[in-house]
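Notes for the one structure printed next.
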Amino acid sequence: MHETTDAMAVPWTQRDVGWGLAAFGVWLAGFVGFAFWIRARAWQVDLGLLVSGGEALLVLPAWWLSVRKYGLGWSALGLRPFQAAALGMGCALMLGSFLFNFVYGLFLGLFHLQMQMDLTPVFAELSEPWLLLVGGAVVAPVAEEIFFRGFVFGGLRPRYGWRKAAVVSAALFALLHLTPTAILPIFLLGLIFAYLYQMSGSLWPSILMHMLTNGIALGAAYLASQMNLPGF
C-alpha cells in the first residue's frame, strides 16, 4: 500500500477548518453544559440517545464547510472505496495500540488511577443499553472520523503536510474525550487513524478500526454489567 496524495486533495481552506474548530468548541461546551444541566434537574434522559444525538451533530460543521460550501460529494471527506490490505494494516496497528494500552494501564495502576471511567455501573442502570452500544460503537466512530480525519486532517494536510496535520487532529480528538488519564492513548489512536486514512485514501478503514476499539470497550463493560463482574 502506498501513500495517497492527489486523491485526497480538498478545496476547503485553513480558514474553513478554523471555523469548524470554533463550531467544535461551541459543540463541546454545549454538550458538556447540557449534560450537567439535565443531571442537576435529575431528568431521565437516555445516555445512548444523548451520545448518538450529540455525536451526530459533530458531522454538521464538517459537512457545511466542505460538502455544502464547495458542492462536493461525501467522497471529499474520505467516504470512498478502499483496498482490503488497509484492514490488515489497521488490525496490526490496533494490536500495537492494545498492547500499549495494557502497559499504560499497568503504569496507571501504580498510582491507583484508571485510564477511563468504569462504564459497568452505567450499563447496569440503563433500561435500553443497546442505544449506548450503538451510539458509542457506531455513531461516534463515523461522526468523529468524518470531523477529525476527513475534515480537519484533510483540510490542514495541504498546507502543513500530513504528519503535522495528523498531530493536530489527534490532539483535538484526545481533547474531545475530556479524560486526562486517557489523553495519551487516545492521541495515539488519533495518529493511527490519520495514518490509515493517509495510506489508504479512504476514511472507512479508520472508521472500522474506531468501531472495533469502541465496540470492544463498550461490549466488555456491558457483559460485565450483565454478569455482575468487576468493572473494566
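Quick note on naming: the chains in the C-alpha cells go A, B, ... in the order shown, residues restart at 1 in each chain, and ligands are numbered from 1 in order of appearance.
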
Proximity of stretch 94-160 of chain A to stretch 7-28 of chain A: per-residue shortest pair, 8 Å limit, only C-alpha atoms, as CSV:
residue,atom,partner,partner_atom,distance
A:Phe151,CA,A:Val17,CA,7.3
A:Val152,CA,A:Val17,CA,5.9
A:Gly154,CA,A:Val10,CA,6.9
A:Gly155,CA,A:Thr13,CA,6.0
A:Leu156,CA,A:Gln14,CA,6.1
A:Pro158,CA,A:Ala9,CA,7.3
A:Arg159,CA,A:Gln14,CA,8.0

Could you list, with a cut-off of 8 Å and counting only C-alpha atoms, the residues of stretch 83-128 of chain A near stretch 175-183 of chain A, each shown with its nearest atom pair and the distance in Å rounded to one decimal, rows sorted by chain and ascending number, as JSON lines?
{"residue": "A:Leu113", "atom": "CA", "partner": "A:Thr181", "partner_atom": "CA", "distance": 7.8}
{"residue": "A:Gln114", "atom": "CA", "partner": "A:Thr181", "partner_atom": "CA", "distance": 7.1}
{"residue": "A:Met115", "atom": "CA", "partner": "A:Ala182", "partner_atom": "CA", "distance": 5.2}
{"residue": "A:Gln116", "atom": "CA", "partner": "A:Ala182", "partner_atom": "CA", "distance": 6.1}

Shell of 7 Å around A:Glu55, only C-alpha atoms, local chain residues under 6 positions omitted, as a PyMOL selection string: chain A and resi 139-140+143

Please identify all polymer residues within 9 Å of A:Val59, counting only C-alpha atoms, omitting same-chain residues fewer than 5 positions from it, and present them as a PyMOL selection string. chain A and resi 64+142-144+146-147

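Restricting the calculation to only C-alpha atoms, the smallest distance between A:Phe98 and any of A:Ile38, A:Leu49, A:Met227, A:Ile186 is found for A:Ile186.
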
Extract, using only C-alpha atoms, all DNA, RNA and protein residues at most 6 Å from stretch 68-82 of chain A, discarding same-chain residues fewer than 4 positions from it, and format them as a list in words.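 Within the cut-off, the hits are Trp64, Gly150, Ser202 and Leu203 of chain A.
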
Output C-alpha atoms for every residue in the selection just made, as a CSV table (one decimal), in the first residue's frame.
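Saved as out-v6.csv:
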chain,number,residue,atom,x,y,z
A,64,TRP,CA,-21.4,22.6,6.0
A,150,GLY,CA,-12.0,13.7,6.9
A,202,SER,CA,-10.3,6.2,2.4
A,203,LEU,CA,-11.8,7.0,5.8

Restricting to only C-alpha atoms, whichever of A:Leu223, A:Leu95, A:Ala84, A:Leu133 is closest to A:Leu189 is A:Leu95

Nearest candidate to A:Gly219 (options A:Pro205, A:Tyr197, A:Ala174, A:Ala137; using only C-alpha atoms):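 Under the stated criterion, the closest residue is A:Ala137.
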
Could you give me, as a Markdown table, every stretch 37-96 of chain A residue with an atom at most 12 Å from stretch 212-217 of chain A, plus its closest atom pair and distance in Å to one decimal, counting only C-alpha atoms, rows ordered by chain then number?
| residue | atom | partner | partner_atom | distance |
| --- | --- | --- | --- | --- |
| A:Leu87 | CA | A:Leu212 | CA | 11.4 |
| A:Gly90 | CA | A:Leu212 | CA | 10.3 |
| A:Cys91 | CA | A:Leu212 | CA | 9.4 |
| A:Leu93 | CA | A:Thr213 | CA | 11.6 |
| A:Met94 | CA | A:Thr213 | CA | 8.0 |
| A:Leu95 | CA | A:Thr213 | CA | 10.2 |
